Every structure is written in structure tokens, then in C-alpha cells.
$ cat work-v1.csv   # CSV, C-alpha atoms
chain,number,residue,atom,x,y,z
K,1,MET,CA,-1.1,-10.8,-0.5
K,2,VAL,CA,2.4,-12.0,-0.6
K,3,MET,CA,2.0,-14.2,2.4
K,4,ILE,CA,-1.3,-15.7,1.1
K,5,ASN,CA,0.2,-16.5,-2.3
K,6,SER,CA,3.4,-17.9,-0.7
K,7,ALA,CA,1.4,-20.2,1.6
K,8,THR,CA,-0.7,-21.3,-1.3
K,9,GLY,CA,2.4,-22.1,-3.3
K,10,PHE,CA,3.9,-24.1,-0.5
K,11,ARG,CA,0.7,-26.1,-0.1
K,12,ARG,CA,0.6,-26.9,-3.8
K,13,VAL,CA,3.9,-28.8,-3.6
K,14,ASP,CA,3.7,-32.4,-4.8
K,15,LEU,CA,4.1,-34.6,-1.8
K,16,ALA,CA,5.2,-37.5,-3.9
K,17,LYS,CA,8.4,-35.5,-4.8
K,18,ILE,CA,9.1,-34.8,-1.2
K,19,ALA,CA,8.6,-38.5,-0.3
K,20,LEU,CA,10.9,-39.5,-3.1
K,21,ALA,CA,13.6,-37.0,-1.8
K,22,ARG,CA,13.2,-38.3,1.7
K,23,SER,CA,13.6,-41.9,0.5
K,24,PHE,CA,16.9,-40.9,-1.1
K,25,GLY,CA,18.0,-39.4,2.3
K,26,ALA,CA,17.4,-35.7,1.7
K,27,SER,CA,17.3,-33.5,4.8
K,28,THR,CA,14.5,-31.1,5.6
K,29,PHE,CA,16.7,-28.2,4.5
K,30,GLN,CA,17.4,-30.0,1.2
K,31,THR,CA,13.7,-30.6,0.5
K,32,TYR,CA,12.9,-27.0,1.1
K,33,TRP,CA,15.8,-25.7,-1.0
K,34,LYS,CA,15.5,-28.1,-3.9
K,35,ILE,CA,11.8,-29.0,-4.0
K,36,ARG,CA,9.4,-26.7,-2.0
K,37,ILE,CA,10.9,-23.3,-2.8
K,38,PRO,CA,11.3,-23.9,-6.6
K,39,MET,CA,7.8,-25.3,-6.8
K,40,ALA,CA,6.3,-22.4,-4.8
K,41,MET,CA,8.3,-19.7,-6.6
K,42,PRO,CA,5.6,-18.9,-9.3
K,43,MET,CA,3.0,-18.2,-6.6
K,44,ILE,CA,5.5,-16.1,-4.6
K,45,ILE,CA,6.4,-14.0,-7.6
K,46,VAL,CA,2.7,-13.5,-8.4
K,47,GLY,CA,2.1,-12.4,-4.8
K,48,LEU,CA,5.0,-9.9,-5.1
K,49,MET,CA,3.7,-8.6,-8.3
K,50,VAL,CA,0.1,-8.1,-7.1
K,51,GLY,CA,1.4,-6.7,-3.7
K,52,SER,CA,3.6,-4.2,-5.4
K,53,ILE,CA,0.8,-2.9,-7.7
K,54,PHE,CA,-1.5,-2.6,-4.6
K,55,GLY,CA,1.4,-0.8,-2.9
K,56,LEU,CA,1.6,1.7,-5.8
K,57,LEU,CA,-2.2,2.2,-5.6
K,58,THR,CA,-2.1,2.7,-1.9
K,59,ALA,CA,0.8,5.2,-2.1
K,60,THR,CA,-1.1,7.1,-4.8
K,61,GLY,CA,-4.3,7.2,-2.7
K,62,ALA,CA,-2.5,8.2,0.4
K,63,GLU,CA,-0.7,11.0,-1.5
K,64,LEU,CA,-4.0,12.2,-2.8
K,65,VAL,CA,-5.4,12.4,0.7
K,66,ALA,CA,-2.5,13.6,2.8
K,67,ALA,CA,0.3,15.1,0.7
K,68,ARG,CA,0.8,18.6,-0.4
K,69,THR,CA,3.1,17.8,-3.4
K,70,GLY,CA,3.7,14.8,-5.6
K,71,TRP,CA,2.4,13.1,-8.8
K,72,ALA,CA,-0.9,12.0,-7.3
K,73,THR,CA,-1.7,15.5,-6.0
K,74,ALA,CA,-0.7,17.1,-9.3
K,75,CYS,CA,-3.4,15.1,-11.2
K,76,PRO,CA,-6.4,16.7,-9.5
K,77,TYR,CA,-4.6,20.1,-9.4
K,78,TYR,CA,-4.2,20.2,-13.2
K,79,SER,CA,-7.6,18.8,-13.7
K,80,SER,CA,-9.2,21.6,-11.7
K,81,LEU,CA,-7.3,24.1,-13.7
K,82,ILE,CA,-8.4,22.4,-17.0
K,83,GLN,CA,-4.8,21.9,-18.0
K,84,MET,CA,-5.4,18.6,-19.8
K,85,PRO,CA,-1.9,18.0,-21.2
K,86,GLN,CA,-0.3,18.1,-17.8
K,87,PHE,CA,-3.2,16.1,-16.3
K,88,PHE,CA,-2.7,13.3,-18.9
K,89,ALA,CA,1.1,13.5,-18.4
K,90,CYS,CA,0.5,12.7,-14.7
K,91,ILE,CA,-1.8,9.8,-15.5
K,92,VAL,CA,0.6,8.4,-18.1
K,93,PHE,CA,3.5,8.7,-15.7
K,94,LEU,CA,1.6,6.7,-13.0
K,95,ALA,CA,0.6,4.1,-15.6
K,96,LEU,CA,4.2,3.8,-16.7
K,97,ILE,CA,5.3,3.1,-13.2
K,98,GLY,CA,2.7,0.4,-12.8
K,99,ASN,CA,3.7,-1.2,-16.1
K,100,LEU,CA,7.4,-1.0,-15.1
K,101,ILE,CA,6.5,-2.9,-11.9
K,102,TYR,CA,4.5,-5.5,-13.8
K,103,VAL,CA,7.2,-6.0,-16.4
K,104,THR,CA,10.0,-6.3,-13.8
K,105,PHE,CA,8.2,-9.1,-11.9
K,106,PHE,CA,7.2,-10.7,-15.2
K,107,LEU,CA,10.9,-10.9,-16.2
K,108,ILE,CA,11.8,-12.1,-12.8
K,109,GLY,CA,9.2,-14.8,-13.1
K,110,LYS,CA,10.5,-15.9,-16.5
K,111,LYS,CA,14.0,-16.2,-15.1
K,112,TRP,CA,13.2,-17.9,-11.8
K,113,ALA,CA,10.0,-19.8,-12.6
K,114,SER,CA,10.2,-20.5,-16.3
K,115,TRP,CA,8.9,-24.0,-16.0
K,116,GLU,CA,5.4,-22.8,-14.9
K,117,ALA,CA,2.9,-22.2,-17.7

$ encode --input "work-v1.csv" --output "C-alpha cells"
Amino acid sequence: MVMINSATGFRRVDLAKIALARSFGASTFQTYWKIRIPMAMPMIIVGLMVGSIFGLLTATGAELVAARTGWATACPYYSSLIQMPQFFACIVFLALIGNLIYVTFFLIGKKWASWEA
């Protein structure tokens, strides 16, 4: 996910800006550092955000299947014992982790890619 979004971000770069930088004598490194990376940063951050949420979902699913202890294994355990307060606490905890990941990347995006709508 991160690689696909990064490649899409690098392909969206305005070639006129690169041509203008080249006409002023910018090197390849300078065009990457000053034009390509900043213009691709919003897509890179979105890829990191989506990839990290998918990582949380994958880790939770893997823990459900293969682990003996953990938050994801506690949810079905408490559900089978009909202990709903503990069950919902597990669900809320996992939702808070997901929201924390989202907010972290949202704030990083506001700081590093604030020009993108």
C-alpha cells in the first residue's frame, strides 16, 4: 500500500516545475529534494496511514488465529463467557489504538503536507 501510494505521488508531480528547475540548473538530487518529494508527500502519508491501519487489522487477525494471550484473543473469550463489559473494553481499546494511529498520521500530514487540500 505504501509503495503504490508513493509511486502514485511521484507520478503526479508537475513536469513543468521540474523543467523549470532544470532550466535554472538544478541537479537531479535537488529536483527530488525540493520538488518531487514535497509534492509526493501527501500520497506517501496516506499510504503510511492506510498501511498502518491494515497492519493493526492483520496483527489482530493473526492474534485471533494463532496467539494464546492478547487483546484480540480476550475479545472472543469474554464474549463466550457473556462478560459484556470486558468484551466491550477490548473492542474500545482496539478502536482507540486505530484512532490513535489515524490521528498521528493526520497530524504528521498537517505538518509535512499542509498545502494539500

$ atom_distance --input "work-v1.csv" --atom1 "atom CA of Trp71 of chain K" --atom2 "atom CA of Gly51 of chain K"
20.5 Å

$ atom_distance --input "work-v1.csv" --atom1 "atom CA of Val2 of chain K" --atom2 "atom CA of Ser27 of chain K"
26.7 Å

$ residues_around --input "work-v1.csv" --residues "Trp112 of chain K" --least-positions-apart "3" --cutoff "9 Å" --atoms "all atoms listed in the file" --output "ChimeraX atom specification"
/K:38,41-42,45,107-109,115

$ residues_near_point --input "work-v1.csv" --point "(9.4, -23.6, 0.3)" --cutoff "12 Å" --atoms "all atoms listed in the file" --output "list in words"
Asn5, Ser6, Ala7, Thr8, Gly9, Phe10, Arg11, Arg12, Val13, Asp14, Ile18, Thr28, Phe29, Gln30, Thr31, Tyr32, Trp33, Lys34, Ile35, Arg36, Ile37, Pro38, Met39, Ala40, Met41, Pro42, Met43 and Ile44 of chain K

$ atom_distance --input "work-v1.csv" --atom1 "atom CA of Val103 of chain K" --atom2 "atom CA of Ala74 of chain K"
25.4 Å

$ closest_residue --input "work-v1.csv" --among "K:Val46, K:Leu57, K:Val92, K:Ala19" --to "Ile4 of chain K" --atoms "all atoms listed in the file"
K:Val46

$ closest_residue --input "work-v1.csv" --among "K:Pro76, K:Ser52, K:Thr69, K:Gly61" --to "Gly98 of chain K" --atoms "only C-alpha atoms"
K:Ser52

$ residues_around --input "work-v1.csv" --residues "Leu56 of chain K" --least-positions-apart "3" --cutoff "12 Å" --atoms "only C-alpha atoms" --output "PyMOL selection string"
chain K and resi 49-53+59-63+71-72+94-102

$ build_atoms --input "work-v1.csv" --residues "segment 18-38 of chain K" --atoms "N, CA, C and O atoms" --output "PDB file, keeping the file's coordinate frame"
ATOM      1  N   ILE K  18       8.442 -34.940  -2.472  1.00  0.00           N
ATOM      2  CA  ILE K  18       9.100 -34.800  -1.200  1.00  0.00           C
ATOM      3  C   ILE K  18       9.337 -36.225  -0.591  1.00  0.00           C
ATOM      4  O   ILE K  18      10.404 -36.488  -0.029  1.00  0.00           O
ATOM      5  N   ALA K  19       8.379 -37.123  -0.762  1.00  0.00           N
ATOM      6  CA  ALA K  19       8.600 -38.500  -0.300  1.00  0.00           C
ATOM      7  C   ALA K  19       9.722 -39.176  -1.020  1.00  0.00           C
ATOM      8  O   ALA K  19      10.520 -39.909  -0.407  1.00  0.00           O
ATOM      9  N   LEU K  20       9.845 -38.901  -2.307  1.00  0.00           N
ATOM     10  CA  LEU K  20      10.900 -39.500  -3.100  1.00  0.00           C
ATOM     11  C   LEU K  20      12.290 -38.920  -2.595  1.00  0.00           C
ATOM     12  O   LEU K  20      13.254 -39.676  -2.419  1.00  0.00           O
ATOM     13  N   ALA K  21      12.343 -37.619  -2.337  1.00  0.00           N
ATOM     14  CA  ALA K  21      13.600 -37.000  -1.800  1.00  0.00           C
ATOM     15  C   ALA K  21      13.932 -37.573  -0.459  1.00  0.00           C
ATOM     16  O   ALA K  21      15.105 -37.831  -0.161  1.00  0.00           O
ATOM     17  N   ARG K  22      12.922 -37.759   0.388  1.00  0.00           N
ATOM     18  CA  ARG K  22      13.200 -38.300   1.700  1.00  0.00           C
ATOM     19  C   ARG K  22      13.677 -39.767   1.619  1.00  0.00           C
ATOM     20  O   ARG K  22      14.528 -40.187   2.394  1.00  0.00           O
ATOM     21  N   SER K  23      13.150 -40.510   0.640  1.00  0.00           N
ATOM     22  CA  SER K  23      13.600 -41.900   0.500  1.00  0.00           C
ATOM     23  C   SER K  23      15.051 -41.964   0.019  1.00  0.00           C
ATOM     24  O   SER K  23      15.736 -42.950   0.276  1.00  0.00           O
ATOM     25  N   PHE K  24      15.518 -40.924  -0.651  1.00  0.00           N
ATOM     26  CA  PHE K  24      16.900 -40.900  -1.100  1.00  0.00           C
ATOM     27  C   PHE K  24      17.801 -40.239   0.020  1.00  0.00           C
ATOM     28  O   PHE K  24      18.987 -40.033  -0.192  1.00  0.00           O
ATOM     29  N   GLY K  25      17.218 -39.883   1.169  1.00  0.00           N
ATOM     30  CA  GLY K  25      18.000 -39.400   2.300  1.00  0.00           C
ATOM     31  C   GLY K  25      18.150 -37.874   2.350  1.00  0.00           C
ATOM     32  O   GLY K  25      19.069 -37.372   2.993  1.00  0.00           O
ATOM     33  N   ALA K  26      17.269 -37.132   1.710  1.00  0.00           N
ATOM     34  CA  ALA K  26      17.400 -35.700   1.700  1.00  0.00           C
ATOM     35  C   ALA K  26      16.921 -35.148   3.095  1.00  0.00           C
ATOM     36  O   ALA K  26      15.964 -35.636   3.702  1.00  0.00           O
ATOM     37  N   SER K  27      17.621 -34.135   3.566  1.00  0.00           N
ATOM     38  CA  SER K  27      17.300 -33.500   4.800  1.00  0.00           C
ATOM     39  C   SER K  27      16.093 -32.541   4.629  1.00  0.00           C
ATOM     40  O   SER K  27      15.684 -32.277   3.502  1.00  0.00           O
ATOM     41  N   THR K  28      15.586 -32.015   5.732  1.00  0.00           N
ATOM     42  CA  THR K  28      14.500 -31.100   5.600  1.00  0.00           C
ATOM     43  C   THR K  28      14.940 -29.805   4.886  1.00  0.00           C
ATOM     44  O   THR K  28      14.197 -29.273   4.050  1.00  0.00           O
ATOM     45  N   PHE K  29      16.155 -29.344   5.170  1.00  0.00           N
ATOM     46  CA  PHE K  29      16.700 -28.200   4.500  1.00  0.00           C
ATOM     47  C   PHE K  29      16.794 -28.448   2.972  1.00  0.00           C
ATOM     48  O   PHE K  29      16.444 -27.591   2.148  1.00  0.00           O
ATOM     49  N   GLN K  30      17.267 -29.619   2.608  1.00  0.00           N
ATOM     50  CA  GLN K  30      17.400 -30.000   1.200  1.00  0.00           C
ATOM     51  C   GLN K  30      16.062 -30.046   0.493  1.00  0.00           C
ATOM     52  O   GLN K  30      15.930 -29.621  -0.651  1.00  0.00           O
ATOM     53  N   THR K  31      15.055 -30.583   1.169  1.00  0.00           N
ATOM     54  CA  THR K  31      13.700 -30.600   0.500  1.00  0.00           C
ATOM     55  C   THR K  31      13.148 -29.252   0.346  1.00  0.00           C
ATOM     56  O   THR K  31      12.497 -28.991  -0.662  1.00  0.00           O
ATOM     57  N   TYR K  32      13.388 -28.352   1.302  1.00  0.00           N
ATOM     58  CA  TYR K  32      12.900 -27.000   1.100  1.00  0.00           C
ATOM     59  C   TYR K  32      13.673 -26.295  -0.007  1.00  0.00           C
ATOM     60  O   TYR K  32      13.076 -25.630  -0.851  1.00  0.00           O
ATOM     61  N   TRP K  33      14.980 -26.438  -0.015  1.00  0.00           N
ATOM     62  CA  TRP K  33      15.800 -25.700  -1.000  1.00  0.00           C
ATOM     63  C   TRP K  33      15.649 -26.246  -2.390  1.00  0.00           C
ATOM     64  O   TRP K  33      15.656 -25.474  -3.347  1.00  0.00           O
ATOM     65  N   LYS K  34      15.506 -27.538  -2.554  1.00  0.00           N
ATOM     66  CA  LYS K  34      15.500 -28.100  -3.900  1.00  0.00           C
ATOM     67  C   LYS K  34      14.075 -28.442  -4.414  1.00  0.00           C
ATOM     68  O   LYS K  34      13.895 -28.556  -5.623  1.00  0.00           O
ATOM     69  N   ILE K  35      13.083 -28.578  -3.519  1.00  0.00           N
ATOM     70  CA  ILE K  35      11.800 -29.000  -4.000  1.00  0.00           C
ATOM     71  C   ILE K  35      10.703 -27.904  -3.649  1.00  0.00           C
ATOM     72  O   ILE K  35      10.016 -27.382  -4.525  1.00  0.00           O
ATOM     73  N   ARG K  36      10.547 -27.589  -2.365  1.00  0.00           N
ATOM     74  CA  ARG K  36       9.400 -26.700  -2.000  1.00  0.00           C
ATOM     75  C   ARG K  36       9.590 -25.283  -2.484  1.00  0.00           C
ATOM     76  O   ARG K  36       8.622 -24.736  -3.022  1.00  0.00           O
ATOM     77  N   ILE K  37      10.744 -24.674  -2.333  1.00  0.00           N
ATOM     78  CA  ILE K  37      10.900 -23.300  -2.800  1.00  0.00           C
ATOM     79  C   ILE K  37      10.789 -23.165  -4.293  1.00  0.00           C
ATOM     80  O   ILE K  37      10.058 -22.284  -4.771  1.00  0.00           O
ATOM     81  N   PRO K  38      11.469 -24.010  -5.096  1.00  0.00           N
ATOM     82  CA  PRO K  38      11.300 -23.900  -6.600  1.00  0.00           C
ATOM     83  C   PRO K  38       9.848 -24.109  -7.014  1.00  0.00           C
ATOM     84  O   PRO K  38       9.380 -23.435  -7.934  1.00  0.00           O
TER      85      PRO K  38
END
